[in-house]
>>> print(open('data04.pdb').read())   # PDB, C-alpha atoms
MODEL        1
ATOM      1  CA  MET A   1      80.855  93.768  85.377
ATOM      2  CA  ASP A   2      81.697  96.690  87.623
ATOM      3  CA  ILE A   3      85.161  98.065  86.846
ATOM      4  CA  LYS A   4      85.532  99.197  90.458
ATOM      5  CA  ASN A   5      85.465  95.519  91.480
ATOM      6  CA  ASP A   6      87.965  94.375  88.856
ATOM      7  CA  ARG A   7      91.403  93.585  90.298
ATOM      8  CA  SER A   8      92.889  93.347  86.812
ATOM      9  CA  VAL A   9      92.047  96.983  86.107
ATOM     10  CA  ALA A  10      93.511  97.924  89.486
ATOM     11  CA  GLY A  11      96.700  95.964  88.678
ATOM     12  CA  ALA A  12      97.004  97.657  85.285
ATOM     13  CA  ILE A  13      96.519 101.124  86.805
ATOM     14  CA  ALA A  14      98.990 100.387  89.601
ATOM     15  CA  GLY A  15     101.545  98.992  87.115
ATOM     16  CA  LEU A  16     101.258 102.047  84.862
ATOM     17  CA  VAL A  17     101.553 104.574  87.684
ATOM     18  CA  GLY A  18     104.364 102.527  89.243
ATOM     19  CA  SER A  19     106.232 102.679  85.913
ATOM     20  CA  ILE A  20     105.977 106.466  85.850
ATOM     21  CA  ILE A  21     107.195 106.757  89.451
ATOM     22  CA  GLN A  22     109.992 104.267  88.775
ATOM     23  CA  GLU A  23     111.247 106.131  85.735
ATOM     24  CA  MET A  24     111.164 109.456  87.563
ATOM     25  CA  SER A  25     113.276 107.969  90.364
ATOM     26  CA  THR A  26     115.826 106.410  88.013
ATOM     27  CA  LEU A  27     116.055 109.603  85.954
ATOM     28  CA  ILE A  28     116.895 111.495  89.140
ATOM     29  CA  ILE A  29     119.567 108.894  89.956
ATOM     30  CA  LYS A  30     120.862 109.135  86.377
ATOM     31  CA  TYR A  31     121.028 112.930  86.409
ATOM     32  CA  LEU A  32     122.797 112.879  89.790
ATOM     33  CA  GLY A  33     125.531 110.868  88.055
ATOM     34  CA  PHE A  34     125.140 107.640  90.019
ATOM     35  CA  SER A  35     124.199 105.658  86.900
ATOM     36  CA  ASP A  36     124.251 106.171  83.154
ATOM     37  CA  LYS A  37     121.052 104.175  82.516
ATOM     38  CA  SER A  38     117.359 104.490  83.252
ATOM     39  CA  PHE A  39     114.558 102.012  82.683
ATOM     40  CA  ILE A  40     113.650 103.773  79.446
ATOM     41  CA  ASP A  41     117.110 102.877  78.173
ATOM     42  CA  TYR A  42     116.492  99.228  79.056
ATOM     43  CA  SER A  43     113.050  99.263  77.412
ATOM     44  CA  SER A  44     114.568 100.742  74.293
ATOM     45  CA  VAL A  45     117.270  98.074  74.185
ATOM     46  CA  MET A  46     114.671  95.337  74.663
ATOM     47  CA  VAL A  47     112.646  96.405  71.612
ATOM     48  CA  MET A  48     115.200  98.206  69.392
ATOM     49  CA  PHE A  49     118.590  96.879  70.612
ATOM     50  CA  HIS A  50     119.846 100.410  71.294
ATOM     51  CA  ARG A  51     119.074 103.458  73.399
ATOM     52  CA  PRO A  52     116.612 105.969  71.961
ATOM     53  CA  ASN A  53     118.233 108.381  69.500
ATOM     54  CA  ASN A  54     115.253 110.539  68.558
ATOM     55  CA  PHE A  55     111.771 111.478  69.707
ATOM     56  CA  MET A  56     109.939 108.593  67.990
ATOM     57  CA  GLU A  57     112.339 106.042  69.455
ATOM     58  CA  LEU A  58     111.745 107.621  72.861
ATOM     59  CA  VAL A  59     107.982 107.203  72.325
ATOM     60  CA  VAL A  60     108.535 103.526  71.461
ATOM     61  CA  ALA A  61     110.710 103.064  74.565
ATOM     62  CA  TRP A  62     108.117 104.711  76.849
ATOM     63  CA  THR A  63     105.369 102.590  75.279
ATOM     64  CA  ALA A  64     107.384  99.432  75.901
ATOM     65  CA  HIS A  65     108.116 100.544  79.471
ATOM     66  CA  PHE A  66     104.426 101.179  80.134
ATOM     67  CA  ALA A  67     103.412  97.868  78.544
ATOM     68  CA  VAL A  68     105.843  95.943  80.742
ATOM     69  CA  GLY A  69     104.733  97.872  83.839
ATOM     70  CA  ILE A  70     101.058  97.185  83.133
ATOM     71  CA  THR A  71     101.737  93.504  82.460
ATOM     72  CA  LEU A  72     103.797  93.103  85.633
ATOM     73  CA  GLY A  73     101.105  94.973  87.595
ATOM     74  CA  LEU A  74      98.510  92.514  86.304
ATOM     75  CA  LEU A  75     100.763  89.638  87.299
ATOM     76  CA  PHE A  76     101.316  91.127  90.767
ATOM     77  CA  VAL A  77      97.573  91.285  91.371
ATOM     78  CA  GLN A  78      97.023  87.743  90.159
ATOM     79  CA  VAL A  79      99.879  86.256  92.159
ATOM     80  CA  PHE A  80      99.653  88.132  95.433
ATOM     81  CA  MET A  81      96.224  89.664  95.838
ATOM     82  CA  ILE A  82      94.552  86.307  95.230
ATOM     83  CA  THR A  83      95.812  85.157  98.624
ATOM     84  CA  SER A  84      94.921  88.280 100.591
ATOM     85  CA  ALA A  85      95.825  91.936 100.836
ATOM     86  CA  LYS A  86      97.764  91.259 104.029
ATOM     87  CA  TYR A  87     101.471  92.070 103.982
ATOM     88  CA  LEU A  88     101.109  93.783 100.618
ATOM     89  CA  PHE A  89     104.288  95.849 101.037
ATOM     90  CA  LEU A  90     106.317  92.804 102.029
ATOM     91  CA  LYS A  91     104.962  91.015  98.960
ATOM     92  CA  GLY A  92     105.934  94.075  96.934
ATOM     93  CA  ILE A  93     109.513  93.965  98.201
ATOM     94  CA  PHE A  94     109.737  90.259  97.360
ATOM     95  CA  TYR A  95     108.296  90.920  93.883
ATOM     96  CA  GLY A  96     110.839  93.704  93.336
ATOM     97  CA  PHE A  97     113.737  91.389  94.241
ATOM     98  CA  VAL A  98     112.487  88.716  91.861
ATOM     99  CA  LEU A  99     111.858  91.149  88.992
ATOM    100  CA  TRP A 100     115.278  92.704  89.375
ATOM    101  CA  PHE A 101     116.968  89.332  89.181
ATOM    102  CA  ILE A 102     114.847  87.911  86.349
ATOM    103  CA  LEU A 103     114.845  90.981  84.104
ATOM    104  CA  LEU A 104     118.577  91.620  84.378
ATOM    105  CA  GLY A 105     119.212  87.890  84.075
ATOM    106  CA  LEU A 106     117.202  87.636  80.858
ATOM    107  CA  GLY A 107     119.070  90.589  79.395
ATOM    108  CA  THR A 108     122.348  88.886  80.229
ATOM    109  CA  VAL A 109     121.276  85.462  78.951
ATOM    110  CA  PHE A 110     120.189  86.933  75.616
ATOM    111  CA  ARG A 111     123.322  89.134  75.531
ATOM    112  CA  LEU A 112     121.390  92.314  74.936
ATOM    113  CA  PRO A 113     123.423  95.502  74.681
ATOM    114  CA  GLU A 114     123.403  97.516  77.921
ATOM    115  CA  PHE A 115     122.838  94.345  79.996
ATOM    116  CA  THR A 116     126.258  92.737  79.908
ATOM    117  CA  SER A 117     129.042  93.634  82.321
ATOM    118  CA  LEU A 118     127.010  96.023  84.440
ATOM    119  CA  PRO A 119     129.011  97.944  87.023
ATOM    120  CA  TRP A 120     127.764  97.707  90.606
ATOM    121  CA  ASN A 121     126.237 101.194  90.615
ATOM    122  CA  VAL A 122     124.104 100.451  87.554
ATOM    123  CA  ALA A 123     123.003  97.111  89.016
ATOM    124  CA  MET A 124     122.060  98.922  92.251
ATOM    125  CA  THR A 125     120.119 101.553  90.288
ATOM    126  CA  THR A 126     118.058  98.855  88.613
ATOM    127  CA  PHE A 127     117.552  97.199  91.995
ATOM    128  CA  ILE A 128     116.354 100.472  93.510
ATOM    129  CA  GLY A 129     114.121 101.053  90.489
ATOM    130  CA  SER A 130     112.610  97.581  90.855
ATOM    131  CA  LEU A 131     111.875  98.210  94.522
ATOM    132  CA  VAL A 132     110.435 101.662  93.787
ATOM    133  CA  TRP A 133     108.151 100.152  91.153
ATOM    134  CA  SER A 134     106.970  97.231  93.277
ATOM    135  CA  LEU A 135     106.410  99.315  96.417
ATOM    136  CA  SER A 136     104.575 101.931  94.323
ATOM    137  CA  VAL A 137     102.332  99.208  92.913
ATOM    138  CA  ALA A 138     101.627  97.874  96.408
ATOM    139  CA  TYR A 139     100.863 101.379  97.685
ATOM    140  CA  ILE A 140      98.574 102.219  94.759
ATOM    141  CA  LEU A 141      96.742  98.917  95.176
ATOM    142  CA  ARG A 142      96.297  99.704  98.876
ATOM    143  CA  ILE A 143      94.825 103.110  97.974
ATOM    144  CA  LEU A 144      92.538 101.560  95.355
ATOM    145  CA  GLU A 145      91.482  98.907  97.842
ATOM    146  CA  LYS A 146      90.438 101.556 100.364
ATOM    147  CA  THR A 147      88.719 103.867  97.886
ATOM    148  CA  THR A 148      86.985 101.222  95.750
ATOM    149  CA  LEU A 149      85.787  97.691  96.175
ATOM    150  CA  ILE A 150      88.682  95.734  94.635
TER     151      ILE A 150
ENDMDL
END
>>> encode(input="data04.pdb", output="structure tokens")
Amino acid sequence: MDIKNDRSVAGAIAGLVGSIIQEMSTLIIKYLGFSDKSFIDYSSVMVMFHRPNNFMELVVAWTAHFAVGITLGLLFVQVFMITSAKYLFLKGIFYGFVLWFILLGLGTVFRLPEFTSLPWNVAMTTFIGSLVWSLSVAYILRILEKTTLI
């Protein structure tokens, strides 16, 4: 099997890089004071039920964030690229909307700390982060499609 022809590898790469870009964008938003949370905070809450308090907890949170990004990148490729690569950015926007709703909804349903009673600015930050991630994944897949044979 030629890795250059493997859409799963492309989805994993796109999901990982998209996660890095997403976190950079939400950290900028956080440091500008628009929100008090980033996606690393959410990843930490999902696996440890609290925000990271030390370096090792931050490593665990980043690992969880990357694992989710890779998994969602794989899912994106399987769901959308199987049809065609047409309208990839539109598909990315749709995927971002759905992820935003599902991930925040699951956090609320399971009453995880940091997910209940979100103010509008935090909800918008997660929405923007979801769109940044999904559009980054679509863009990276487009680049990989043009430079390889996926």
>>> atom_distance(input="data04.pdb", atom1="CA of Ala14 (chain A)", atom2="CA of Ile70 (chain A)")
7.5 Å
>>> residues_near_point(input="data04.pdb", point="(93.5, 90.4, 91.1)", cutoff="7 Å", atoms="all atoms listed in the file", output="compact mmCIF listing (two decimals) with C-alpha atoms, in the frame of the given file")
# COMPACT_ATOMS: atom_id res chain seq x y z
CA ARG A 7 91.40 93.58 90.30
CA SER A 8 92.89 93.35 86.81
CA GLY A 11 96.70 95.96 88.68
CA VAL A 77 97.57 91.28 91.37
CA GLN A 78 97.02 87.74 90.16
CA MET A 81 96.22 89.66 95.84
CA ILE A 82 94.55 86.31 95.23
>>> atom_distance(input="data04.pdb", atom1="CA of Leu72 (chain A)", atom2="CA of Leu144 (chain A)")
17.1 Å
>>> resolve_selection(input="data04.pdb", expression="the PyMOL selection byres ((chain A and resi 137) around 12)", output="VMD selection string")
chain A and resid 10 to 22 69 to 77 80 to 81 88 to 93 95 to 96 130 to 136 138 to 145
>>> closest_residue(input="data04.pdb", among="A:Arg51, A:Phe66, A:Thr147, A:Phe101", to="Asp36 (chain A)", atoms="only C-alpha atoms")
A:Arg51
>>> closest_residue(input="data04.pdb", among="A:Thr26, A:Pro52, A:Thr63, A:Val45", to="Ala123 (chain A)", atoms="all atoms listed in the file")
A:Thr26
>>> resolve_selection(input="data04.pdb", expression="the PyMOL selection byres ((chain A and resi 38-42) around 7)", output="list of chain:residue names")
A:Glu23, A:Thr26, A:Leu27, A:Lys30, A:Lys37, A:Ser43, A:Ser44, A:Val45, A:Met46, A:Arg51, A:Pro52, A:Ala61, A:Trp62, A:His65
>>> write_last_selection(input="data04.pdb", atoms="C-alpha atoms", output="mmCIF file, in the frame of the given file")
data_model
loop_
_atom_site.group_PDB
_atom_site.id
_atom_site.type_symbol
_atom_site.label_atom_id
_atom_site.label_comp_id
_atom_site.auth_asym_id
_atom_site.auth_seq_id
_atom_site.Cartn_x
_atom_site.Cartn_y
_atom_site.Cartn_z
ATOM 1 C CA GLU A 23 111.247 106.131 85.735
ATOM 2 C CA THR A 26 115.826 106.410 88.013
ATOM 3 C CA LEU A 27 116.055 109.603 85.954
ATOM 4 C CA LYS A 30 120.862 109.135 86.377
ATOM 5 C CA LYS A 37 121.052 104.175 82.516
ATOM 6 C CA SER A 43 113.050 99.263 77.412
ATOM 7 C CA SER A 44 114.568 100.742 74.293
ATOM 8 C CA VAL A 45 117.270 98.074 74.185
ATOM 9 C CA MET A 46 114.671 95.337 74.663
ATOM 10 C CA ARG A 51 119.074 103.458 73.399
ATOM 11 C CA PRO A 52 116.612 105.969 71.961
ATOM 12 C CA ALA A 61 110.710 103.064 74.565
ATOM 13 C CA TRP A 62 108.117 104.711 76.849
ATOM 14 C CA HIS A 65 108.116 100.544 79.471
#
>>> atom_distance(input="data04.pdb", atom1="CA of Val68 (chain A)", atom2="CA of Gly129 (chain A)")
13.8 Å
>>> decode(input="data04.pdb", residues="region 116-142 of chain A", atoms="C-alpha atoms", output="mmCIF file, in the first residue's frame")
data_model
loop_
_atom_site.group_PDB
_atom_site.id
_atom_site.type_symbol
_atom_site.label_atom_id
_atom_site.label_comp_id
_atom_site.auth_asym_id
_atom_site.auth_seq_id
_atom_site.Cartn_x
_atom_site.Cartn_y
_atom_site.Cartn_z
ATOM 1 C CA THR A 116 -22.338 24.076 31.839
ATOM 2 C CA SER A 117 -23.711 27.608 31.731
ATOM 3 C CA LEU A 118 -21.342 28.901 29.077
ATOM 4 C CA PRO A 119 -21.534 32.637 28.465
ATOM 5 C CA TRP A 120 -22.116 33.704 24.864
ATOM 6 C CA ASN A 121 -18.510 34.777 24.291
ATOM 7 C CA VAL A 122 -17.156 31.375 25.321
ATOM 8 C CA ALA A 123 -19.729 29.590 23.153
ATOM 9 C CA MET A 124 -18.701 31.826 20.224
ATOM 10 C CA THR A 125 -15.017 31.076 20.860
ATOM 11 C CA THR A 126 -15.685 27.356 20.640
ATOM 12 C CA PHE A 127 -17.739 27.952 17.500
ATOM 13 C CA ILE A 128 -14.903 29.928 15.921
ATOM 14 C CA GLY A 129 -12.434 27.245 16.997
ATOM 15 C CA SER A 130 -14.593 24.535 15.427
ATOM 16 C CA LEU A 131 -14.756 26.457 12.161
ATOM 17 C CA VAL A 132 -11.008 27.156 12.223
ATOM 18 C CA TRP A 133 -10.324 23.455 12.745
ATOM 19 C CA SER A 134 -12.704 22.225 10.052
ATOM 20 C CA LEU A 135 -11.622 24.799 7.459
ATOM 21 C CA SER A 136 -7.966 24.033 8.261
ATOM 22 C CA VAL A 137 -8.638 20.333 7.720
ATOM 23 C CA ALA A 138 -10.362 21.053 4.403
ATOM 24 C CA TYR A 139 -7.490 23.297 3.299
ATOM 25 C CA ILE A 140 -4.809 20.780 4.295
ATOM 26 C CA LEU A 141 -6.681 18.001 2.506
ATOM 27 C CA ARG A 142 -6.871 20.208 -0.593
#
